[in-house]
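S.K.: data_25.txt is reproduced below (compact mmCIF, C-alpha atoms).
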# COMPACT_ATOMS: atom_id res chain seq x y z
CA MET B 20 64.46 -52.62 20.35
CA MET B 21 61.71 -50.64 18.76
CA ARG B 22 61.01 -47.08 19.80
CA ALA B 23 58.02 -44.95 18.80
CA LYS B 24 57.72 -41.22 18.84
CA ILE B 25 54.32 -39.63 18.27
CA ASP B 26 54.41 -35.93 17.51
CA SER B 27 51.58 -33.48 17.29
CA LEU B 28 52.06 -29.82 16.48
CA LYS B 29 51.33 -28.83 20.06
CA LYS B 30 53.51 -31.36 21.83
CA VAL B 31 55.19 -34.75 21.77
CA LEU B 32 52.41 -37.16 22.69
CA PHE B 33 54.48 -40.26 23.23
CA ASP B 34 58.14 -41.22 23.13
CA SER B 35 59.19 -44.59 24.50
CA PRO B 36 60.02 -48.20 23.56
CA ILE B 37 57.06 -50.28 22.38
CA LYS B 38 56.30 -53.81 21.29
CA SER B 39 54.01 -52.97 18.40
CA LEU B 40 52.01 -50.22 16.79
CA THR B 41 48.77 -50.55 14.83
CA VAL B 42 47.52 -47.77 12.56
CA MET B 43 45.18 -47.30 9.63
CA THR B 44 47.09 -46.22 6.55
CA LYS B 45 45.70 -45.15 3.19
CA ALA B 46 46.56 -48.62 1.93
CA GLY B 47 44.90 -50.42 4.85
CA GLU B 48 45.50 -51.33 8.47
CA ILE B 49 49.04 -52.30 9.43
CA THR B 50 50.81 -53.44 12.57
CA VAL B 51 54.47 -52.55 12.84
CA LEU B 52 56.70 -54.99 14.73
CA PRO B 53 60.43 -54.71 15.46
CA GLU B 54 62.71 -55.04 12.41
CA HIS B 55 60.02 -53.87 10.06
CA ARG B 56 61.26 -52.68 6.68
CA PRO B 57 61.78 -48.95 6.26
CA LEU B 58 58.42 -47.52 5.34
CA ILE B 59 56.77 -44.20 4.72
CA THR B 60 53.02 -44.01 4.50
CA SER B 61 50.20 -41.54 5.05
CA LEU B 62 47.54 -42.20 7.66
CA LYS B 63 43.77 -42.21 7.60
CA PRO B 64 41.61 -41.03 10.51
CA CYS B 65 41.85 -43.76 13.15
CA ALA B 66 42.90 -44.55 16.68
CA ALA B 67 46.57 -45.54 16.66
CA LYS B 68 47.22 -48.39 19.09
CA ALA B 69 50.62 -48.75 20.71
CA ILE B 70 51.50 -51.68 22.99
CA ASP B 71 54.22 -50.73 25.45
CA MET B 72 56.88 -53.00 26.94
CA ASP B 73 54.57 -54.02 29.80
CA GLY B 74 51.86 -55.08 27.38
CA ASN B 75 49.58 -52.12 28.08
CA GLU B 76 47.56 -50.71 25.21
CA LYS B 77 47.69 -46.99 24.52
CA PHE B 78 45.47 -45.18 22.03
CA PHE B 79 46.08 -41.95 20.15
CA GLU B 80 43.65 -40.08 17.97
CA VAL B 81 44.78 -39.58 14.37
CA LYS B 82 42.94 -37.21 12.03
CA SER B 83 45.60 -37.28 9.38
CA GLY B 84 49.31 -37.76 9.44
CA PHE B 85 52.31 -39.79 8.39
CA LEU B 86 54.24 -42.77 9.62
CA GLU B 87 57.90 -43.39 9.02
CA VAL B 88 59.71 -46.56 9.97
CA LYS B 89 63.49 -46.53 9.83
CA ARG B 90 66.18 -48.84 11.03
CA THR B 91 69.73 -48.91 12.12
CA LYS B 92 71.40 -52.31 12.42
CA ARG B 93 70.13 -52.84 15.96
CA ASP B 94 67.09 -50.67 16.40
CA THR B 95 63.83 -49.78 14.73
CA TYR B 96 62.50 -46.23 15.01
CA LEU B 97 58.94 -45.20 14.35
CA THR B 98 57.99 -41.60 13.84
CA LEU B 99 54.33 -40.70 13.74
CA LEU B 100 53.21 -37.23 12.79
CA VAL B 101 49.59 -36.68 13.70
CA ASP B 102 47.20 -33.74 13.45
CA MET I 13 65.11 29.39 33.91
CA ALA I 14 62.34 26.89 33.19
CA SER I 15 59.20 27.51 35.16
CA LEU I 16 58.33 25.07 37.89
CA ASN I 17 54.98 24.30 36.34
CA ASN I 18 56.57 23.32 33.04
CA ILE I 19 58.98 20.94 34.73
CA LYS I 20 56.12 19.45 36.71
CA LYS I 21 54.17 18.86 33.52
CA ARG I 22 57.14 17.18 31.89
CA ILE I 23 57.64 14.93 34.90
CA SER I 24 54.02 13.81 34.94
CA GLY I 25 54.11 13.29 31.17
CA ILE I 26 57.16 11.06 31.40
CA LYS I 27 55.62 9.21 34.31
CA SER I 28 52.56 8.31 32.28
CA ILE I 29 54.75 7.20 29.37
CA ASN I 30 56.57 5.00 31.84
CA GLN I 31 53.28 3.47 32.93
CA ILE I 32 52.32 2.69 29.34
CA THR I 33 55.67 1.19 28.40
CA SER I 34 55.76 -0.89 31.58
CA ALA I 35 52.31 -2.25 30.78
CA MET I 36 53.38 -3.01 27.20
CA GLU I 37 56.47 -4.71 28.49
CA LEU I 38 54.41 -7.02 30.68
CA VAL I 39 51.98 -7.82 27.88
CA ALA I 40 54.82 -8.49 25.44
CA ALA I 41 56.56 -10.70 28.00
CA THR I 42 53.46 -12.86 28.38
CA LYS I 43 52.94 -13.09 24.63
CA MET I 44 56.59 -13.90 24.13
CA ARG I 45 56.36 -16.76 26.59
CA LYS I 46 53.29 -18.14 24.86
CA ALA I 47 54.78 -17.85 21.38
CA GLN I 48 58.00 -19.34 22.64
CA GLU I 49 56.19 -22.30 24.13
CA ALA I 50 54.27 -22.86 20.89
CA ALA I 51 57.46 -22.55 18.84
CA LEU I 52 59.38 -24.88 21.10
CA ALA I 53 56.52 -27.38 21.16
CA SER I 54 56.30 -27.42 17.37
CA ARG I 55 60.05 -27.84 16.99
CA PHE I 56 59.83 -31.59 17.52
CA TYR I 57 57.09 -32.04 14.97
CA SER I 58 58.70 -29.83 12.35
CA PHE I 59 62.03 -31.38 13.02
CA ASP I 60 60.75 -34.93 12.50
CA ALA I 61 58.74 -33.90 9.45
CA LEU I 62 61.80 -32.33 7.82
CA GLU I 63 63.84 -35.36 8.72
CA ILE I 64 61.30 -37.64 7.05
CA LEU I 65 61.29 -35.47 3.95
CA GLY I 66 65.07 -35.48 3.92
CA ASN I 67 65.01 -39.26 3.96
CA VAL I 68 62.36 -39.46 1.24
CA ILE I 69 64.30 -37.13 -1.02
CA HIS I 70 67.48 -39.00 -0.32
CA SER I 71 65.99 -42.36 -1.23
CA LEU I 72 64.22 -40.93 -4.27
CA ALA I 73 67.38 -39.21 -5.44
CA SER I 74 69.27 -42.46 -5.22
CA PHE I 75 66.78 -43.88 -7.73
CA GLY I 76 67.09 -40.83 -9.96
CA ASP I 77 63.38 -40.21 -9.45
CA GLU I 78 63.27 -36.44 -9.24
CA THR I 79 60.28 -34.19 -9.43
CA HIS I 80 59.96 -30.51 -10.19
CA LEU I 81 59.64 -29.85 -6.48
CA PHE I 82 63.30 -30.49 -5.94
CA GLU I 83 65.21 -29.08 -8.88
CA ARG I 84 64.23 -26.36 -11.23
CA GLU I 85 65.98 -23.61 -13.10
CA ALA I 86 65.36 -20.42 -11.16
CA LYS I 87 64.01 -17.93 -13.65
CA LYS I 88 61.70 -16.09 -11.31
CA THR I 89 62.04 -15.76 -7.57
CA LEU I 90 59.42 -15.13 -4.94
CA VAL I 91 60.66 -13.37 -1.85
CA LEU I 92 58.67 -13.95 1.30
CA ILE I 93 59.25 -11.29 3.94
CA VAL I 94 58.11 -12.00 7.48
CA THR I 95 57.72 -8.85 9.58
CA SER I 96 55.34 -7.48 12.20
CA ASP I 97 52.19 -5.42 11.72
CA LYS I 98 53.04 -2.85 14.33
CA GLY I 99 56.11 -0.90 15.31
CA LEU I 100 57.73 -0.33 18.70
CA VAL I 101 59.69 -3.52 18.30
CA GLY I 102 63.22 -2.16 18.26
CA SER I 103 65.37 -3.49 15.47
CA PHE I 104 63.10 -6.48 14.74
CA ASN I 105 61.76 -5.30 11.38
CA GLY I 106 64.82 -3.25 10.53
CA SER I 107 67.17 -6.20 10.63
CA VAL I 108 64.90 -8.36 8.45
CA LEU I 109 64.57 -5.60 5.88
CA LYS I 110 68.30 -4.92 5.94
CA LYS I 111 68.93 -8.50 4.94
CA VAL I 112 66.31 -8.27 2.18
CA ASP I 113 68.01 -5.08 1.00
CA ALA I 114 71.35 -6.84 0.74
CA PHE I 115 69.75 -9.69 -1.19
CA LEU I 116 68.05 -7.31 -3.62
CA LYS I 117 71.28 -5.39 -4.21
CA LYS I 118 72.97 -8.62 -5.12
CA HIS I 119 70.17 -9.50 -7.54
CA ASN I 120 69.55 -5.97 -8.79
CA ASP I 121 69.39 -7.03 -12.45
CA ASN I 122 66.69 -9.57 -11.76
CA LEU I 123 64.75 -7.02 -9.77
CA LYS I 124 64.83 -4.52 -12.63
CA GLU I 125 63.69 -7.15 -15.09
CA GLY I 126 60.76 -7.96 -12.81
CA LYS I 127 62.04 -11.44 -12.08
CA ILE I 128 61.56 -11.00 -8.36
CA VAL I 129 58.07 -10.91 -6.88
CA PHE I 130 57.13 -10.33 -3.28
CA VAL I 131 54.72 -11.80 -0.79
CA THR I 132 54.77 -10.11 2.57
CA ILE I 133 53.57 -11.00 6.01
CA GLY I 134 53.02 -8.00 8.27
CA GLN I 135 52.37 -4.35 7.47
CA LYS I 136 56.00 -3.28 7.79
CA GLY I 137 57.18 -5.61 5.07
CA ALA I 138 54.39 -4.46 2.75
CA ASP I 139 55.34 -0.82 3.34
CA TYR I 140 58.95 -1.61 2.56
CA VAL I 141 58.14 -3.26 -0.76
CA LYS I 142 55.82 -0.40 -1.73
CA LYS I 143 58.63 2.03 -1.02
CA LEU I 144 60.70 0.19 -3.59
CA GLY I 145 58.01 1.09 -6.09
CA ILE I 146 56.75 -2.48 -6.35
CA THR I 147 53.34 -3.75 -5.40
CA PRO I 148 53.61 -6.96 -3.44
CA LEU I 149 51.83 -9.85 -5.10
CA ARG I 150 49.94 -10.50 -1.90
CA SER I 151 50.40 -9.01 1.53
CA PHE I 152 49.05 -10.77 4.55
CA THR I 153 48.37 -8.79 7.69
CA ASN I 154 46.44 -9.16 10.92
CA TYR I 155 47.57 -12.62 11.86
CA SER I 156 47.10 -13.51 15.51
CA ASP I 157 49.85 -12.66 17.95
CA ILE I 158 50.64 -16.32 18.09
CA VAL I 159 49.83 -17.74 14.71
CA ASP I 160 47.42 -20.65 14.43
CA PHE I 161 48.03 -23.57 12.07
CA GLY I 162 44.62 -22.99 10.47
CA GLU I 163 45.39 -19.36 9.66
CA ILE I 164 48.23 -19.99 7.24
CA GLY I 165 46.25 -22.17 4.82
CA GLU I 166 45.64 -19.34 2.37
CA LEU I 167 49.24 -18.20 2.41
CA THR I 168 50.65 -21.65 1.67
CA GLU I 169 48.00 -22.16 -0.99
CA VAL I 170 49.14 -18.97 -2.78
CA LEU I 171 52.77 -20.00 -2.53
CA SER I 172 52.39 -23.55 -3.81
CA LYS I 173 49.79 -22.73 -6.49
CA GLY I 174 52.04 -20.16 -8.15
CA TYR I 175 54.94 -22.55 -7.94
CA ARG I 176 52.95 -25.30 -9.61
CA LYS I 177 51.82 -22.92 -12.34
CA GLU I 178 55.45 -21.87 -12.81
CA ASN I 179 54.70 -18.25 -11.95
CA TRP I 180 57.87 -18.51 -9.91
CA ASP I 181 60.56 -21.16 -9.66
CA ARG I 182 61.94 -20.56 -6.23
CA ILE I 183 60.76 -19.18 -2.93
CA ILE I 184 63.17 -17.48 -0.59
CA SER I 185 62.08 -16.39 2.86
CA PHE I 186 63.50 -13.78 5.17
CA SER I 187 62.45 -14.18 8.76
CA THR I 188 63.69 -14.07 12.30
CA ASN I 189 64.80 -17.15 14.14
CA PHE I 190 64.28 -17.23 17.87
CA THR I 191 67.45 -18.41 19.60
CA SER I 192 66.81 -17.00 23.06
CA ALA I 193 64.95 -14.18 24.77
CA LEU I 194 68.00 -12.00 24.28
CA SER I 195 69.11 -12.96 20.82
CA GLN I 196 67.27 -13.47 17.57
CA GLU I 197 68.84 -13.77 14.18
CA VAL I 198 67.55 -13.08 10.71
CA VAL I 199 67.73 -16.10 8.44
CA GLU I 200 67.41 -16.45 4.70
CA ARG I 201 65.91 -19.76 3.67
CA GLN I 202 64.98 -21.40 0.43
CA ILE I 203 61.50 -22.83 0.92
CA LEU I 204 60.96 -24.17 -2.58
CA PRO I 205 62.34 -26.06 -4.42
CA PHE I 206 63.07 -28.41 -1.56
CA SER I 207 66.68 -29.41 -1.35
CA VAL I 208 68.41 -31.84 0.96
CA THR I 209 71.10 -29.38 2.02
CA GLU I 210 68.59 -26.63 2.74
CA ILE I 211 66.49 -29.02 4.76
CA ARG I 212 69.45 -30.11 6.79
CA ARG I 213 70.28 -26.47 7.41
CA THR I 214 66.75 -25.74 8.52
CA ILE I 215 66.85 -28.70 10.89
CA GLU I 216 70.05 -27.41 12.37
CA ASP I 217 68.54 -23.95 12.79
CA ILE I 218 65.60 -25.44 14.65
CA ILE I 219 67.71 -27.05 17.32
CA PRO I 220 69.26 -24.53 19.70
CA LYS I 221 73.04 -24.51 19.68
CA THR I 222 73.38 -24.43 23.44
CA GLY I 223 71.20 -24.93 26.45
CA ARG I 224 67.85 -26.66 26.55
CA TYR I 225 67.07 -29.08 23.69
CA SER I 226 70.62 -28.86 22.32
CA GLU I 227 71.18 -32.52 23.21
CA LEU I 228 68.78 -33.32 20.35
CA ARG I 229 71.66 -32.92 17.90
CA LYS I 230 73.39 -35.94 19.31
CA GLU I 231 70.21 -37.96 19.38
CA LEU I 232 69.56 -37.10 15.76
CA ALA I 233 73.00 -38.27 14.72
CA GLU I 234 72.36 -41.57 16.47
CA ARG I 235 69.01 -42.12 14.83
CA ARG I 236 70.11 -41.25 11.33
CA ALA I 237 70.52 -44.33 9.24
CA GLU I 238 73.97 -44.84 7.80
CA GLN I 239 73.00 -45.35 4.17
CA PRO I 240 70.03 -44.29 2.10
CA LEU I 241 67.27 -46.60 3.19
CA ASP I 242 65.26 -48.60 0.75
CA TYR I 243 61.88 -47.26 1.83
CA ILE I 244 58.60 -48.85 0.89
CA MET I 245 56.14 -46.09 0.15
CA GLU I 246 52.47 -46.80 0.49
CA PRO I 247 50.18 -46.30 -1.36
CA SER I 248 52.78 -45.11 -3.90
CA PRO I 249 55.74 -42.71 -3.85
CA ALA I 250 53.85 -40.22 -6.01
CA GLU I 251 50.83 -40.21 -3.70
CA ILE I 252 52.98 -39.88 -0.61
CA LEU I 253 54.78 -36.91 -2.07
CA GLU I 254 51.51 -35.36 -3.13
CA ASP I 255 50.23 -35.59 0.44
CA PHE I 256 53.44 -34.89 2.21
CA LEU I 257 54.93 -31.94 0.38
CA PRO I 258 52.06 -29.46 0.75
CA HIS I 259 51.77 -30.52 4.35
CA LEU I 260 55.46 -30.00 4.86
CA LEU I 261 55.38 -26.60 3.24
CA LYS I 262 52.62 -25.64 5.63
CA ILE I 263 54.59 -26.87 8.60
CA GLU I 264 57.69 -25.05 7.49
CA ILE I 265 55.80 -21.78 7.12
CA TYR I 266 53.97 -22.33 10.40
CA HIS I 267 57.22 -22.88 12.18
CA LEU I 268 58.84 -19.91 10.52
CA MET I 269 56.01 -17.66 11.64
CA LEU I 270 55.99 -18.97 15.19
CA GLU I 271 59.69 -18.25 15.45
CA ALA I 272 59.03 -14.77 14.08
CA ASN I 273 56.17 -14.28 16.59
CA ALA I 274 58.36 -15.24 19.52
CA SER I 275 61.13 -12.98 18.24
CA GLU I 276 58.77 -10.08 17.70
CA HIS I 277 57.38 -10.24 21.21
CA SER I 278 60.75 -10.67 22.85
CA SER I 279 62.12 -7.79 20.80
CA ARG I 280 59.16 -5.65 21.82
CA ARG I 281 59.64 -6.61 25.42
CA MET I 282 63.28 -5.54 25.35
CA THR I 283 62.44 -2.27 23.62
CA MET I 284 59.73 -1.48 26.13
CA LYS I 285 61.99 -2.38 28.99
CA ASN I 286 64.60 0.04 27.68
CA ALA I 287 61.96 2.71 27.25
CA SER I 288 60.71 2.21 30.83
CA ASP I 289 64.24 2.34 32.20
CA ASN I 290 64.89 5.52 30.24
CA ALA I 291 61.69 7.08 31.50
CA LYS I 292 62.61 6.22 35.08
CA GLU I 293 66.05 7.75 34.67
CA LEU I 294 64.61 10.86 33.08
CA THR I 295 62.02 11.23 35.85
CA GLY I 296 64.81 11.05 38.41
CA GLU I 297 66.89 13.66 36.62
CA LEU I 298 63.96 15.98 36.15
CA THR I 299 62.91 15.64 39.79
CA VAL I 300 66.39 16.67 40.89
CA PHE I 301 66.27 19.58 38.45
CA TYR I 302 62.80 20.53 39.73
CA ASN I 303 63.98 20.56 43.36
CA LYS I 304 67.06 22.56 42.48
CA THR I 305 65.04 25.15 40.60
CA ARG I 306 62.56 25.36 43.45
CA GLN I 307 65.34 25.83 45.97
CA GLU I 308 66.91 28.51 43.78
CA MET I 309 63.66 30.39 43.64
CA ILE I 310 63.22 30.19 47.42
CA THR I 311 66.77 31.44 47.94
CA LYS I 312 66.14 34.26 45.51
CA GLU I 313 62.95 35.23 47.26
CA LEU I 314 64.63 35.09 50.67
CA GLY I 315 67.40 37.30 49.31
CA GLU I 316 64.85 39.74 48.08
CA ILE I 317 63.04 39.77 51.44
CA THR I 318 66.19 40.26 53.49
CA GLY I 319 67.37 42.91 51.01
CA THR I 320 64.11 44.76 51.33
CA VAL I 321 64.11 44.46 55.13
CA ALA I 322 67.69 45.79 55.26
CA ALA I 323 66.79 48.69 52.98
CA LEU I 324 63.75 49.50 55.09
CA THR I 325 65.70 49.43 58.43
CA ASN I 326 68.42 51.63 56.94
CA HIS I 327 65.82 54.02 55.77
CA LEU I 328 64.33 54.34 59.26
Mind converting the file's structure to structure tokens?
M.R.:
Amino acid sequence: MMRAKIDSLKKVLFDSPIKSLTVMTKAGEITVLPEHRPLITSLKPCAAKAIDMDGNEKFFEVKSGFLEVKRTKRDTYLTLLVD
Amino acid sequence: MASLNNIKKRISGIKSINQITSAMELVAATKMRKAQEAALASRFYSFDALEILGNVIHSLASFGDETHLFEREAKKTLVLIVTSDKGLVGSFNGSVLKKVDAFLKKHNDNLKEGKIVFVTIGQKGADYVKKLGITPLRSFTNYSDIVDFGEIGELTEVLSKGYRKENWDRIISFSTNFTSALSQEVVERQILPFSVTEIRRTIEDIIPKTGRYSELRKELAERRAEQPLDYIMEPSPAEILEDFLPHLLKIEIYHLMLEANASEHSSRRMTMKNASDNAKELTGELTVFYNKTRQEMITKELGEITGTVAALTNHL
């Protein structure tokens, strides 16, 4: 299972299981899928695209921020900090 | 015996004080709620940001790749004092300054040698430092009632610039942590250099110990990876740290100030509530006293009249 949590300073924008997440990082565009390697990267202004378990696309505005991917043996956790 | 007019004046004076304190109580209650909401809302963000930093440091440390931001010999210390601009907040400022006092007593030698410098937030903190005979390096006042993320840019810039230039080697903050509307505690935190244990402590301070949000502790334990993870850092570890650390410092300070804002307003609310209650009690007591005095005067007058009447009848 992969679970994404998108935080802004004002509130938690999104917190639920997803299939994939696409963001623009300083090193280029990436799509994170389950069992991705642990990763920390900073984000460029973009629209982050999350695809939820039903296949629906959800977009979030990113001005700047960070993405962390971490794993336990079973699960992948994404944390997105956006401004 | 006090004159009736004087008592009346006192009663009306206390009544108008009561009106003012009640109004202040209501205003403070609203501000407290707003600050509390902002503080609670930012908890998640700050909490995740600190967690990420903790993980980065952990994985860097396991490679022996340390930077000056994490370990440094503490020759000079910067003390950051977070207080309020205005008074009438009960023990809010007093308890922060008491803790600072204790810290300074412990490090008296350093203080005498000028190895401790101060940056203050709020007028009260600045006054305190000046009373010690020291001019604070910078004092920031007139922040909004509920601090805005944009407002603290200058403050964090001052803090990190001096640290980079080695004007000071460690930053310790004294501020108030909001635990609930009824209880706030003063906490001493090391802001810089970052250290894993301090960060963990800060994370634990952010999550309330009981009640709402306390279940986060369990969730955190579940999410924490068992061993240091082998993170890929893009574009490069150095660039990530360069971006992330100033940002994190800003978040930490932002959070600290929000907590202090919420504490200040809730402390003010309690103080004003006590003042209003006192005023009400005093009004009651004075009214009873007023009535008693009035009655006494009437009785005295009646006595005089009947006495006079009796004297007159006897005379006739």
S.K.: Return the neighbours of chain B among the residues of chain I, cut-off 7 Å, counting only C-alpha atoms, as a list in words.
M.R.: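 Output check: Ala50, Ala53, Ser54, Phe56, Tyr57, Ile64, Ala237, Leu241, Asp242, Tyr243, Ile244, Met245, Glu246, Pro247 and Ile252 of chain I.
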S.K.: Nearest to Glu276 of chain I among I:Arg182, I:Lys110, I:His259, I:Lys98, with distances taken over all atoms listed in the file: which residue is it?
M.R.: I:Lys98
S.K.: In terms of the shortest atom-to-atom distance over all atoms listed in the file, which of I:Phe256, I:Ile32, I:Ile265, I:Thr299 is closest to Ser83 of chain B?
M.R.: I:Phe256
S.K.: Go ahead and find all residues with at least one atom no further than 9 Å from (61.9, 22.4, 38.2) in the file's coordinates, using all atoms listed in the file; report them as a PyMOL selection string.
M.R.: chain I and resi 13-20+298-306
S.K.: I need the residue nearest Glu80 of chain B from this list: B:Met21, B:Val51, B:Val42, B:Ile37. Use only C-alpha atoms for the distance.
M.R.: B:Val42
S.K.: Could you check which of I:Ala323, I:Ile263, I:Ile26, I:Ala274 is closest to Ile164 of chain I, using all atoms listed in the file?
M.R.: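 So, comparing all the options, the nearest one is I:Ile263.
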